[in-house]
Amino acid sequence: MPRFMLNGAAVQVGDHHPHLLAALRDELGVTSPKDGCAPAGQCGCCVVLVDGKPQVSCVMTLDRVEGHRVTTLEGLDADDRHRLANAFGAAGALQCGFCTPGIVMRTAALLRDKGAALTRDAAARRLGGHLCRCTGYVKILDAIERLAAGDDAPSTLPQGIGTRGVKYESDRLALGDRPYIDDMTLPGMLHAALRLTDHARADVVRIDTTRALAEPGVEAVFTAADVHGELRVGLIHTDWPVFIPEGGRTSYLGDVLAIVVASDRQTARRASALVDVEYDVKRPVTDPLAAMHDSDDAVWGLHGNVLSRSAYTRGDDVDDALAASAHVVHDVFQTQRVEHAFLEPESTLAAPQPDGTLMVWSGGQGIWDDRNQIAAVLGIPADQVVVELVSNGGAFGGKEDMSNQAQTTLAAWLLDRPVKCTLTRTQSLLMHAKRHPIRIEAWAGCGEDGRLTALRARMVGDSGPYASVGMKVLERAAGHASGPYVVPAIDVEAVAVRTNNPVCGAFRGFGANQAQFAMEGLMDRLAELVGISSWDIRERNVVAPGVVWGPGQIMDDGCRGARACLEAVKPAYDDAVAAGHAVGLGLSLKNSGLGNGFEEIAKAVVRFDDDGVEVRHCWTEMGQGVHTVALQVAVEELGVDPATVRVVVDTTRELGAGQTTGSRGTLMGAGAVADACRRADEDGRQPGVDYVGEYRVDWTNSLDEGVEHPVIHSAFGYAAQLVVIDRRTGALTKVVAAHDVGFAVNPTLCEGQIEGAVHMGLGYALSEDFPADDEGRPTNMTLRRLGILRPRDVPPIETILVESPQPDSPYGIKGVGEIGLVPTAGAVAAALHDLDGQWRASLPMRRSA
């Protein structure tokens, strides 16, 4: 029985744990070290101190800590804990917070060893073992610099809208004290593990659970035969099976065959491998272009491989317009599949309640959708399921679709016991939807003066087998095909195709970044032919109030932000050109809200109790700061102390607005909370009363309505980015990002969103990829192989907040969560062309940053 000192006390643990992290979390209940990838040791979330030195605990076997001193964040001196949490909060150095405890632990060791001599560059190098998918590392290094300088200025909660201040729950997140689902336990709780398919496309002949059930500690194994409700779920089409039954056919390597429930996590995972499956393996459909015409259906039970087709034409005949153009360019652009790589693997906890309801703790991006789909699978009324949001450890769109919620709740319901299921990193990589790879063949023309004349684009996106929101991603790509530019004649078609490759769905940018990588490339090619600068061609074509954009929408005053962003980067652009650097410029737009004719209704509740003000809203907190926005709006409208505001999201009130997606949480959430506050004031703020507020967007049009000037989206955000490369070294030395956010509710949080998105955009441009082979099997199956940029690889990012208010939007707000990476790849491609004269049309460009 291994013995060691933990935070100053002697402990003894069982020798069955595969590594120190498991012993800390599963037996000793120490949960500040997080499990992001165990046992790979590639994310840094689980760093602890062993004899004072930072160690990755998920690769450290227990024999290596026998007799040694282990220190976690729980064991640091109270003053040190406060100082570290204060600095990280004040700098805005955390968003979802899942990676933060590991980074804070290493920071504590660095400060102890280096003190005031610790430099920003040295810290960046020493953080090489840590991934942060949210912040872009900028504000993390700001916090470390602040600590090294001895700056102990206290962090403060934000006040009303427009003020800086720490994120809601900042201290608890920084120290690992605020639990994620996998940190939670309940009396009598069992653990579950999924058995996934071995083949992307195969008939399931037989599922034999005998060996798994015989494993000591196994309580039950459930399959499709145990589902008494609906077998398929889905956000738009109910085509995604929660289990593949005997007699069914698998459609990708994330398909689930069984769930094994056991007394502990390791037993459940070990036994899941003992579920024996007999297959009749079929040829996978993996080429999306060929799949469009393939006689074999990629997906079991569905006919045809074309998921959706979005198309529109506007203006003059495009063939005629191109023929009459002074300059025409044509290219085929190819973007890649990308993994979200949120640091927290998906986890669900479900527990039957004495009153006959089922309580579910979910980190999904739409807990009302989770509730409805869970109830459908169980075959029970929706009001018998209560789902509580547990703010998740990152999502970026990848937690819109259910992962293990249905299987976990089924096990809990049938066993009448609490059950928790957390995916391994490998399972997470296989299961959830990715960013669409899209092939875009495009033609664009302009006159001698560089003014655009016409655009034609043909897009084919590989959506994988199940719908998810793939048709909406390609619809969004089609709508954004022309970027923030005026194009008199336009002809666009975008097709989403079903294959047996990984499912693709929502991911930050949602089709806009793929489409505008192509459009920005066309703009730069035309600028070279005309003989003008990349800045000039954008300035001559940028949208303005009253012009007709894209599918026919007449732009309102909110679009002034596009030109404002372009002008904001002009000084830095001129300076970089004058200094002889290679430069690239990107200008883009991204909708806020779902639009396309969808009726969007967000609700919120404000309630006054003895201990303060409770604010309930309908959005998932996943690092972007929507809880903080809700708090700041309540403080603004009610004039209350921010310390008295608590934020809650669960399905006990019917507030659901669908998924937290489309850069709409801040805009719509602020509107609904503000309305609830006004209703409370009108009624004298009575204690114990639910004051329900609402904000709705019900004036947009679908592409299919045939309206001459449809309002496709109610609001857009805009961004211009400048990328600078050193001609001598080829190193990317600076990014200047000017972003129109309409109104910055919390400037610190806005900056953090932009910096994190730029980091993600640079990875998208240069190095990130999630390819699959001819069998539909992903080939980059560890975090390290995904190509995510580490701290030392990220250039300085200068953020410029532009506030061009959106008419008829609460406080003038526009979304900021997605637009941050939309112009990045195009700007990088242009800078590389300026460096070596080569046009690039495929991502990633695989150049070291």
# chains A, B, ... in the order shown; residues from 1 in each chain; ligands from 1
>>> residues_around(residues="Ala412 (chain A)", least_positions_apart="2", cutoff="9 Å", atoms="only C-alpha atoms", output="PyMOL selection string")
chain A and resi 190+349-352+358+407-410+414-420
>>> residues_around(residues="Gly162 (chain A)", least_positions_apart="2", cutoff="7 Å", atoms="only C-alpha atoms", output="PyMOL selection string")
chain A and resi 160+164+744-747
>>> write_last_selection(atoms="all heavy atoms", output="compact mmCIF listing (two decimals), in the first residue's frame")
# COMPACT_ATOMS: atom_id res chain seq x y z
N GLY A 160 -21.21 47.82 -13.08
CA GLY A 160 -22.18 47.73 -14.16
C GLY A 160 -21.51 47.47 -15.50
O GLY A 160 -20.31 47.19 -15.59
N ARG A 164 -14.36 46.95 -16.13
CA ARG A 164 -13.50 45.78 -15.98
C ARG A 164 -13.71 45.16 -14.61
O ARG A 164 -14.18 45.81 -13.68
CB ARG A 164 -12.04 46.17 -16.17
CG ARG A 164 -11.69 46.63 -17.59
CD ARG A 164 -10.22 46.97 -17.72
NE ARG A 164 -9.91 47.47 -19.06
CZ ARG A 164 -9.53 46.70 -20.08
NH1 ARG A 164 -9.39 45.39 -19.90
NH2 ARG A 164 -9.27 47.22 -21.26
N ALA A 744 -18.53 46.87 -25.26
CA ALA A 744 -17.77 45.93 -24.43
C ALA A 744 -18.35 45.91 -23.02
O ALA A 744 -18.10 46.83 -22.23
CB ALA A 744 -16.30 46.31 -24.39
N VAL A 745 -19.12 44.89 -22.72
CA VAL A 745 -19.72 44.78 -21.38
C VAL A 745 -18.63 44.70 -20.32
O VAL A 745 -18.71 45.33 -19.27
CB VAL A 745 -20.66 43.57 -21.30
CG1 VAL A 745 -21.22 43.39 -19.89
CG2 VAL A 745 -21.79 43.71 -22.31
N ASN A 746 -17.60 43.90 -20.58
CA ASN A 746 -16.45 43.79 -19.71
C ASN A 746 -15.21 43.76 -20.60
O ASN A 746 -14.91 42.73 -21.21
CB ASN A 746 -16.53 42.52 -18.85
CG ASN A 746 -15.42 42.42 -17.82
OD1 ASN A 746 -14.25 42.65 -18.13
ND2 ASN A 746 -15.77 42.04 -16.60
N PRO A 747 -14.50 44.87 -20.74
CA PRO A 747 -13.38 44.93 -21.70
C PRO A 747 -12.32 43.85 -21.46
O PRO A 747 -11.75 43.33 -22.43
CB PRO A 747 -12.80 46.34 -21.48
CG PRO A 747 -13.97 47.15 -20.99
CD PRO A 747 -14.76 46.20 -20.13
>>> residues_around(residues="Arg451 (chain A)", least_positions_apart="6", cutoff="10 Å", atoms="only C-alpha atoms", output="list of chain:residue names")
A:Ser325, A:Gly445, A:Tyr485, A:Val486, A:Val487, A:Pro488, A:Leu526, A:Ala527, A:Val530, A:Ile537, A:Arg538, A:Glu539, A:Arg540, A:Asn541, A:Val542
>>> write_last_selection(atoms="C-alpha atoms", output="PDB file, in the first residue's frame")
ATOM      1  CA  SER A 325     -14.414  42.123 -65.497  1.00  0.00           C
ATOM      2  CA  GLY A 445     -13.812  39.549 -60.645  1.00  0.00           C
ATOM      3  CA  TYR A 485     -17.737  43.252 -49.080  1.00  0.00           C
ATOM      4  CA  VAL A 486     -20.153  44.649 -51.657  1.00  0.00           C
ATOM      5  CA  VAL A 487     -20.492  42.251 -54.597  1.00  0.00           C
ATOM      6  CA  PRO A 488     -23.002  43.233 -57.321  1.00  0.00           C
ATOM      7  CA  LEU A 526      -7.165  40.614 -57.168  1.00  0.00           C
ATOM      8  CA  ALA A 527      -5.236  43.350 -55.363  1.00  0.00           C
ATOM      9  CA  VAL A 530      -4.882  45.600 -59.956  1.00  0.00           C
ATOM     10  CA  ILE A 537      -8.821  46.838 -52.053  1.00  0.00           C
ATOM     11  CA  ARG A 538     -10.641  46.151 -48.788  1.00  0.00           C
ATOM     12  CA  GLU A 539     -11.308  49.837 -48.186  1.00  0.00           C
ATOM     13  CA  ARG A 540     -12.825  50.183 -51.662  1.00  0.00           C
ATOM     14  CA  ASN A 541     -15.206  47.263 -51.222  1.00  0.00           C
ATOM     15  CA  VAL A 542     -16.127  47.229 -47.541  1.00  0.00           C
TER      16      VAL A 542
END
>>> closest_residue(among="A:Trp240, A:Trp443, A:Phe342, A:Tyr718", to="Ala321 (chain A)", atoms="only C-alpha atoms")
A:Trp443
>>> residues_around(residues="region 724-729 of chain A", least_positions_apart="3", cutoff="10 Å", atoms="only C-alpha atoms", output="list in words")
Ala572, Tyr573, Ala576, Val577, Ala579, Gly580, His581, Ala582, Val583, Gly584, Leu585, Gln721, Leu732, Thr733, Lys734, Val735, Val736, Pro795, Ala827, Val828, Ala830, Ala831, Leu832, Asp834, Leu835, Asp836 and Ala849 of chain A
>>> write_last_selection(atoms="N, CA and C atoms", output="PDB file, in the first residue's frame")
ATOM      1  N   ALA A 572      -0.677  50.509 -37.819  1.00  0.00           N
ATOM      2  CA  ALA A 572       0.233  49.377 -37.645  1.00  0.00           C
ATOM      3  C   ALA A 572       0.581  48.762 -38.996  1.00  0.00           C
ATOM      4  N   TYR A 573      -0.377  48.719 -39.912  1.00  0.00           N
ATOM      5  CA  TYR A 573      -0.125  48.208 -41.263  1.00  0.00           C
ATOM      6  C   TYR A 573       0.924  49.068 -41.975  1.00  0.00           C
ATOM      7  N   ALA A 576       4.406  48.560 -40.422  1.00  0.00           N
ATOM      8  CA  ALA A 576       5.016  47.275 -40.760  1.00  0.00           C
ATOM      9  C   ALA A 576       5.517  47.269 -42.197  1.00  0.00           C
ATOM     10  N   VAL A 577       4.755  47.847 -43.110  1.00  0.00           N
ATOM     11  CA  VAL A 577       5.190  47.927 -44.501  1.00  0.00           C
ATOM     12  C   VAL A 577       6.437  48.804 -44.621  1.00  0.00           C
ATOM     13  N   ALA A 579       8.631  49.336 -42.420  1.00  0.00           N
ATOM     14  CA  ALA A 579       9.778  48.668 -41.797  1.00  0.00           C
ATOM     15  C   ALA A 579      10.289  47.500 -42.634  1.00  0.00           C
ATOM     16  N   GLY A 580       9.619  47.210 -43.730  1.00  0.00           N
ATOM     17  CA  GLY A 580      10.070  46.139 -44.614  1.00  0.00           C
ATOM     18  C   GLY A 580       9.623  44.757 -44.217  1.00  0.00           C
ATOM     19  N   HIS A 581       8.674  44.650 -43.300  1.00  0.00           N
ATOM     20  CA  HIS A 581       8.204  43.336 -42.877  1.00  0.00           C
ATOM     21  C   HIS A 581       7.241  42.753 -43.908  1.00  0.00           C
ATOM     22  N   ALA A 582       7.082  41.461 -43.882  1.00  0.00           N
ATOM     23  CA  ALA A 582       6.024  40.809 -44.650  1.00  0.00           C
ATOM     24  C   ALA A 582       4.730  40.950 -43.868  1.00  0.00           C
ATOM     25  N   VAL A 583       3.683  41.398 -44.557  1.00  0.00           N
ATOM     26  CA  VAL A 583       2.428  41.668 -43.847  1.00  0.00           C
ATOM     27  C   VAL A 583       1.270  40.978 -44.553  1.00  0.00           C
ATOM     28  N   GLY A 584       0.276  40.651 -43.773  1.00  0.00           N
ATOM     29  CA  GLY A 584      -0.972  40.112 -44.298  1.00  0.00           C
ATOM     30  C   GLY A 584      -2.128  40.736 -43.555  1.00  0.00           C
ATOM     31  N   LEU A 585      -3.215  40.969 -44.276  1.00  0.00           N
ATOM     32  CA  LEU A 585      -4.375  41.645 -43.696  1.00  0.00           C
ATOM     33  C   LEU A 585      -5.611  40.789 -43.933  1.00  0.00           C
ATOM     34  N   GLN A 721      -7.576  41.990 -38.929  1.00  0.00           N
ATOM     35  CA  GLN A 721      -6.350  41.503 -38.287  1.00  0.00           C
ATOM     36  C   GLN A 721      -5.163  41.697 -39.213  1.00  0.00           C
ATOM     37  N   LEU A 732       6.648  34.621 -37.351  1.00  0.00           N
ATOM     38  CA  LEU A 732       5.494  35.478 -37.163  1.00  0.00           C
ATOM     39  C   LEU A 732       5.722  36.273 -35.880  1.00  0.00           C
ATOM     40  N   THR A 733       5.813  37.594 -36.002  1.00  0.00           N
ATOM     41  CA  THR A 733       6.273  38.410 -34.873  1.00  0.00           C
ATOM     42  C   THR A 733       5.178  39.209 -34.184  1.00  0.00           C
ATOM     43  N   LYS A 734       4.018  39.374 -34.839  1.00  0.00           N
ATOM     44  CA  LYS A 734       2.994  40.200 -34.208  1.00  0.00           C
ATOM     45  C   LYS A 734       1.654  39.993 -34.904  1.00  0.00           C
ATOM     46  N   VAL A 735       0.598  40.071 -34.108  1.00  0.00           N
ATOM     47  CA  VAL A 735      -0.760  40.127 -34.641  1.00  0.00           C
ATOM     48  C   VAL A 735      -1.445  41.343 -34.025  1.00  0.00           C
ATOM     49  N   VAL A 736      -2.035  42.173 -34.864  1.00  0.00           N
ATOM     50  CA  VAL A 736      -2.854  43.284 -34.395  1.00  0.00           C
ATOM     51  C   VAL A 736      -4.297  42.945 -34.736  1.00  0.00           C
ATOM     52  N   PRO A 795       2.813  34.664 -30.976  1.00  0.00           N
ATOM     53  CA  PRO A 795       3.420  35.991 -31.051  1.00  0.00           C
ATOM     54  C   PRO A 795       2.643  36.983 -30.186  1.00  0.00           C
ATOM     55  N   ALA A 827      -5.250  36.286 -43.258  1.00  0.00           N
ATOM     56  CA  ALA A 827      -4.159  37.230 -43.004  1.00  0.00           C
ATOM     57  C   ALA A 827      -2.810  36.519 -42.980  1.00  0.00           C
ATOM     58  N   VAL A 828      -2.752  35.329 -42.383  1.00  0.00           N
ATOM     59  CA  VAL A 828      -1.506  34.569 -42.356  1.00  0.00           C
ATOM     60  C   VAL A 828      -1.102  34.167 -43.774  1.00  0.00           C
ATOM     61  N   ALA A 830      -1.766  35.662 -46.536  1.00  0.00           N
ATOM     62  CA  ALA A 830      -1.285  36.845 -47.245  1.00  0.00           C
ATOM     63  C   ALA A 830       0.123  37.231 -46.809  1.00  0.00           C
ATOM     64  N   ALA A 831       0.392  37.122 -45.512  1.00  0.00           N
ATOM     65  CA  ALA A 831       1.737  37.450 -45.016  1.00  0.00           C
ATOM     66  C   ALA A 831       2.769  36.472 -45.560  1.00  0.00           C
ATOM     67  N   LEU A 832       2.418  35.197 -45.620  1.00  0.00           N
ATOM     68  CA  LEU A 832       3.347  34.213 -46.174  1.00  0.00           C
ATOM     69  C   LEU A 832       3.578  34.461 -47.670  1.00  0.00           C
ATOM     70  N   ASP A 834       3.466  37.416 -49.061  1.00  0.00           N
ATOM     71  CA  ASP A 834       4.346  38.583 -49.099  1.00  0.00           C
ATOM     72  C   ASP A 834       5.790  38.175 -48.811  1.00  0.00           C
ATOM     73  N   LEU A 835       5.949  37.119 -48.022  1.00  0.00           N
ATOM     74  CA  LEU A 835       7.286  36.651 -47.668  1.00  0.00           C
ATOM     75  C   LEU A 835       7.970  35.921 -48.815  1.00  0.00           C
ATOM     76  N   ASP A 836       7.230  35.010 -49.478  1.00  0.00           N
ATOM     77  CA  ASP A 836       7.911  34.153 -50.459  1.00  0.00           C
ATOM     78  C   ASP A 836       7.259  34.124 -51.844  1.00  0.00           C
ATOM     79  N   ALA A 849       5.144  28.889 -36.344  1.00  0.00           N
ATOM     80  CA  ALA A 849       4.853  30.275 -35.981  1.00  0.00           C
ATOM     81  C   ALA A 849       6.012  30.885 -35.255  1.00  0.00           C
TER      82      ALA A 849
END
>>> residues_around(residues="Cys37 (chain A)", least_positions_apart="5", cutoff="10 Å", atoms="only C-alpha atoms", output="ChimeraX atom specification")
/A:42-46,58,343-345,423-426,428,782-783
>>> write_last_selection(atoms="N, CA, C and O atoms", output="tab-separated table (two decimals), in the first residue's frame")
chain	number	residue	atom	x	y	z
A	42	GLN	N	-0.10	15.21	-21.55
A	42	GLN	CA	0.14	16.17	-22.61
A	42	GLN	C	-0.60	17.49	-22.46
A	42	GLN	O	-0.49	18.35	-23.33
A	43	CYS	N	-1.36	17.68	-21.38
A	43	CYS	CA	-2.12	18.92	-21.25
A	43	CYS	C	-1.68	19.78	-20.08
A	43	CYS	O	-1.94	20.99	-20.07
A	44	GLY	N	-1.06	19.20	-19.05
A	44	GLY	CA	-0.58	19.96	-17.91
A	44	GLY	C	-1.63	20.28	-16.87
A	44	GLY	O	-1.33	20.96	-15.88
A	45	CYS	N	-2.86	19.81	-17.05
A	45	CYS	CA	-3.93	20.14	-16.10
A	45	CYS	C	-3.74	19.51	-14.73
A	45	CYS	O	-4.35	19.94	-13.75
A	46	CYS	N	-2.91	18.46	-14.66
A	46	CYS	CA	-2.80	17.69	-13.42
A	46	CYS	C	-1.48	17.93	-12.69
A	46	CYS	O	-1.08	17.12	-11.84
A	58	CYS	N	-0.44	12.48	-13.94
A	58	CYS	CA	-1.10	11.36	-14.62
A	58	CYS	C	-0.10	10.41	-15.28
A	58	CYS	O	-0.51	9.38	-15.83
A	343	LEU	N	-10.31	21.32	-22.87
A	343	LEU	CA	-9.47	20.56	-21.94
A	343	LEU	C	-10.26	19.60	-21.06
A	343	LEU	O	-9.73	18.62	-20.56
A	344	GLU	N	-11.53	19.87	-20.83
A	344	GLU	CA	-12.34	18.98	-20.00
A	344	GLU	C	-13.04	17.95	-20.87
A	344	GLU	O	-13.92	18.30	-21.66
A	345	PRO	N	-12.69	16.66	-20.74
A	345	PRO	CA	-13.45	15.64	-21.46
A	345	PRO	C	-14.91	15.64	-20.98
A	345	PRO	O	-15.21	15.98	-19.84
A	423	LEU	N	-15.75	10.58	-20.30
A	423	LEU	CA	-15.05	10.03	-21.44
A	423	LEU	C	-13.54	10.10	-21.24
A	423	LEU	O	-13.03	11.03	-20.61
A	424	THR	N	-12.84	9.13	-21.78
A	424	THR	CA	-11.39	9.27	-21.89
A	424	THR	C	-11.10	10.28	-22.99
A	424	THR	O	-11.97	10.61	-23.81
A	425	ARG	N	-9.87	10.76	-23.05
A	425	ARG	CA	-9.53	11.71	-24.11
A	425	ARG	C	-9.67	11.04	-25.48
A	425	ARG	O	-10.16	11.66	-26.44
A	426	THR	N	-9.30	9.78	-25.58
A	426	THR	CA	-9.44	9.07	-26.85
A	426	THR	C	-10.90	9.00	-27.27
A	426	THR	O	-11.25	9.25	-28.44
A	428	SER	N	-13.30	11.00	-26.35
A	428	SER	CA	-13.73	12.36	-26.68
A	428	SER	C	-13.33	12.72	-28.10
A	428	SER	O	-14.13	13.26	-28.88
A	782	THR	N	-3.82	12.12	-30.26
A	782	THR	CA	-3.39	12.64	-28.95
A	782	THR	C	-3.40	14.16	-29.02
A	782	THR	O	-3.34	14.74	-30.11
A	783	LEU	N	-3.44	14.81	-27.89
A	783	LEU	CA	-3.43	16.27	-27.87
A	783	LEU	C	-2.17	16.82	-28.51
A	783	LEU	O	-2.21	17.84	-29.21
>>> residues_around(residues="Glu803 (chain A)", least_positions_apart="3", cutoff="12 Å", atoms="only C-alpha atoms", output="CSV table (one decimal) with N, CA, C and O atoms, in the first residue's frame")
chain,number,residue,atom,x,y,z
A,162,GLY,N,-19.7,47.8,-19.0
A,162,GLY,CA,-18.7,48.6,-19.5
A,162,GLY,C,-17.5,48.7,-18.6
A,162,GLY,O,-16.5,49.4,-18.9
A,558,GLY,N,-25.0,49.2,-38.0
A,558,GLY,CA,-24.1,48.4,-37.3
A,558,GLY,C,-22.8,48.0,-38.1
A,558,GLY,O,-21.8,47.7,-37.6
A,559,CYS,N,-23.0,48.0,-39.5
A,559,CYS,CA,-21.9,47.6,-40.3
A,559,CYS,C,-20.8,48.7,-40.4
A,559,CYS,O,-19.7,48.4,-41.0
A,560,ARG,N,-21.0,49.8,-39.8
A,560,ARG,CA,-19.9,50.8,-39.8
A,560,ARG,C,-18.7,50.3,-39.1
A,560,ARG,O,-17.6,50.8,-39.3
A,561,GLY,N,-18.9,49.2,-38.3
A,561,GLY,CA,-17.7,48.6,-37.6
A,561,GLY,C,-16.7,48.0,-38.5
A,561,GLY,O,-15.5,47.9,-38.1
A,562,ALA,N,-17.1,47.6,-39.6
A,562,ALA,CA,-16.2,47.0,-40.6
A,562,ALA,C,-15.1,48.0,-41.0
A,562,ALA,O,-13.9,47.7,-40.9
A,563,ARG,N,-15.5,49.1,-41.4
A,563,ARG,CA,-14.6,50.2,-41.8
A,563,ARG,C,-13.8,50.7,-40.6
A,563,ARG,O,-12.6,50.9,-40.7
A,564,ALA,N,-14.4,50.7,-39.5
A,564,ALA,CA,-13.7,51.2,-38.3
A,564,ALA,C,-12.6,50.3,-37.9
A,564,ALA,O,-11.5,50.7,-37.5
A,565,CYS,N,-12.8,49.0,-38.0
A,565,CYS,CA,-11.8,48.0,-37.7
A,565,CYS,C,-10.6,48.1,-38.7
A,565,CYS,O,-9.5,48.1,-38.4
A,568,ALA,N,-8.7,51.0,-37.9
A,568,ALA,CA,-7.9,50.9,-36.6
A,568,ALA,C,-6.6,50.2,-36.8
A,568,ALA,O,-5.6,50.5,-36.1
A,717,GLY,N,-20.7,40.9,-36.0
A,717,GLY,CA,-19.5,41.5,-35.5
A,717,GLY,C,-18.5,41.6,-36.6
A,717,GLY,O,-18.6,40.9,-37.6
A,718,TYR,N,-17.5,42.5,-36.5
A,718,TYR,CA,-16.5,42.7,-37.5
A,718,TYR,C,-15.1,42.7,-36.9
A,718,TYR,O,-14.9,43.0,-35.8
A,719,ALA,N,-14.2,42.3,-37.8
A,719,ALA,CA,-12.8,42.2,-37.3
A,719,ALA,C,-11.8,42.4,-38.4
A,719,ALA,O,-12.0,41.9,-39.5
A,738,ALA,N,-8.2,44.2,-34.4
A,738,ALA,CA,-9.2,45.2,-34.1
A,738,ALA,C,-10.5,44.6,-34.3
A,738,ALA,O,-10.9,44.1,-35.4
A,739,HIS,N,-11.3,44.6,-33.3
A,739,HIS,CA,-12.6,43.9,-33.3
A,739,HIS,C,-13.7,44.8,-32.8
A,739,HIS,O,-13.7,45.4,-31.8
A,740,ASP,N,-14.8,44.8,-33.7
A,740,ASP,CA,-16.0,45.6,-33.3
A,740,ASP,C,-16.9,44.7,-32.5
A,740,ASP,O,-17.5,43.8,-33.0
A,741,VAL,N,-17.0,45.1,-31.2
A,741,VAL,CA,-17.9,44.3,-30.3
A,741,VAL,C,-19.2,45.0,-30.0
A,741,VAL,O,-20.0,44.5,-29.2
A,742,GLY,N,-19.4,46.1,-30.7
A,742,GLY,CA,-20.7,46.9,-30.5
A,742,GLY,C,-20.6,47.7,-29.2
A,742,GLY,O,-20.5,48.9,-29.2
A,743,PHE,N,-20.5,47.0,-28.1
A,743,PHE,CA,-20.3,47.5,-26.8
A,743,PHE,C,-19.6,46.5,-25.9
A,743,PHE,O,-20.1,45.4,-25.8
A,744,ALA,N,-18.5,46.9,-25.3
A,744,ALA,CA,-17.8,45.9,-24.4
A,744,ALA,C,-18.3,45.9,-23.0
A,744,ALA,O,-18.1,46.8,-22.2
A,745,VAL,N,-19.1,44.9,-22.7
A,745,VAL,CA,-19.7,44.8,-21.4
A,745,VAL,C,-18.6,44.7,-20.3
A,745,VAL,O,-18.7,45.3,-19.3
A,747,PRO,N,-14.5,44.9,-20.7
A,747,PRO,CA,-13.4,44.9,-21.7
A,747,PRO,C,-12.3,43.9,-21.5
A,747,PRO,O,-11.8,43.3,-22.4
A,750,CYS,N,-13.6,40.7,-23.0
A,750,CYS,CA,-13.6,40.9,-24.5
A,750,CYS,C,-12.2,40.6,-25.0
A,750,CYS,O,-12.1,39.9,-26.0
A,800,ILE,N,-7.4,45.7,-30.2
A,800,ILE,CA,-8.0,47.0,-30.2
A,800,ILE,C,-9.5,46.7,-30.2
A,800,ILE,O,-10.1,46.1,-31.1
A,806,GLN,N,-24.7,48.2,-32.3
A,806,GLN,CA,-25.7,47.6,-33.2
A,806,GLN,C,-27.0,48.2,-32.9
A,806,GLN,O,-27.5,48.1,-31.8
A,811,TYR,N,-27.9,47.5,-25.3
A,811,TYR,CA,-26.7,48.3,-25.1
A,811,TYR,C,-25.8,48.4,-26.3
A,811,TYR,O,-24.7,48.8,-26.2
A,812,GLY,N,-26.3,48.0,-27.5
A,812,GLY,CA,-25.5,48.0,-28.7
A,812,GLY,C,-24.6,46.8,-28.9
A,812,GLY,O,-23.7,46.8,-29.8
A,813,ILE,N,-24.8,45.8,-28.1
A,813,ILE,CA,-23.9,44.6,-28.1
A,813,ILE,C,-23.9,43.9,-29.4
A,813,ILE,O,-24.9,43.7,-30.0
A,814,LYS,N,-22.7,43.4,-29.8
A,814,LYS,CA,-22.5,42.4,-30.9
A,814,LYS,C,-21.7,41.2,-30.3
A,814,LYS,O,-21.0,41.4,-29.3
A,815,GLY,N,-21.8,40.1,-30.9
A,815,GLY,CA,-21.0,39.0,-30.4
A,815,GLY,C,-19.6,39.1,-30.7
A,815,GLY,O,-19.1,39.7,-31.7
A,816,VAL,N,-18.7,38.5,-29.8
A,816,VAL,CA,-17.3,38.5,-30.0
A,816,VAL,C,-16.7,37.1,-29.9
A,816,VAL,O,-15.5,36.9,-30.3
>>> residues_around(residues="Ser310 (chain A)", least_positions_apart="4", cutoff="7 Å", atoms="only C-alpha atoms", output="list in words")
Glu475, Ala478, Glu493, Ala494 and Val495 of chain A
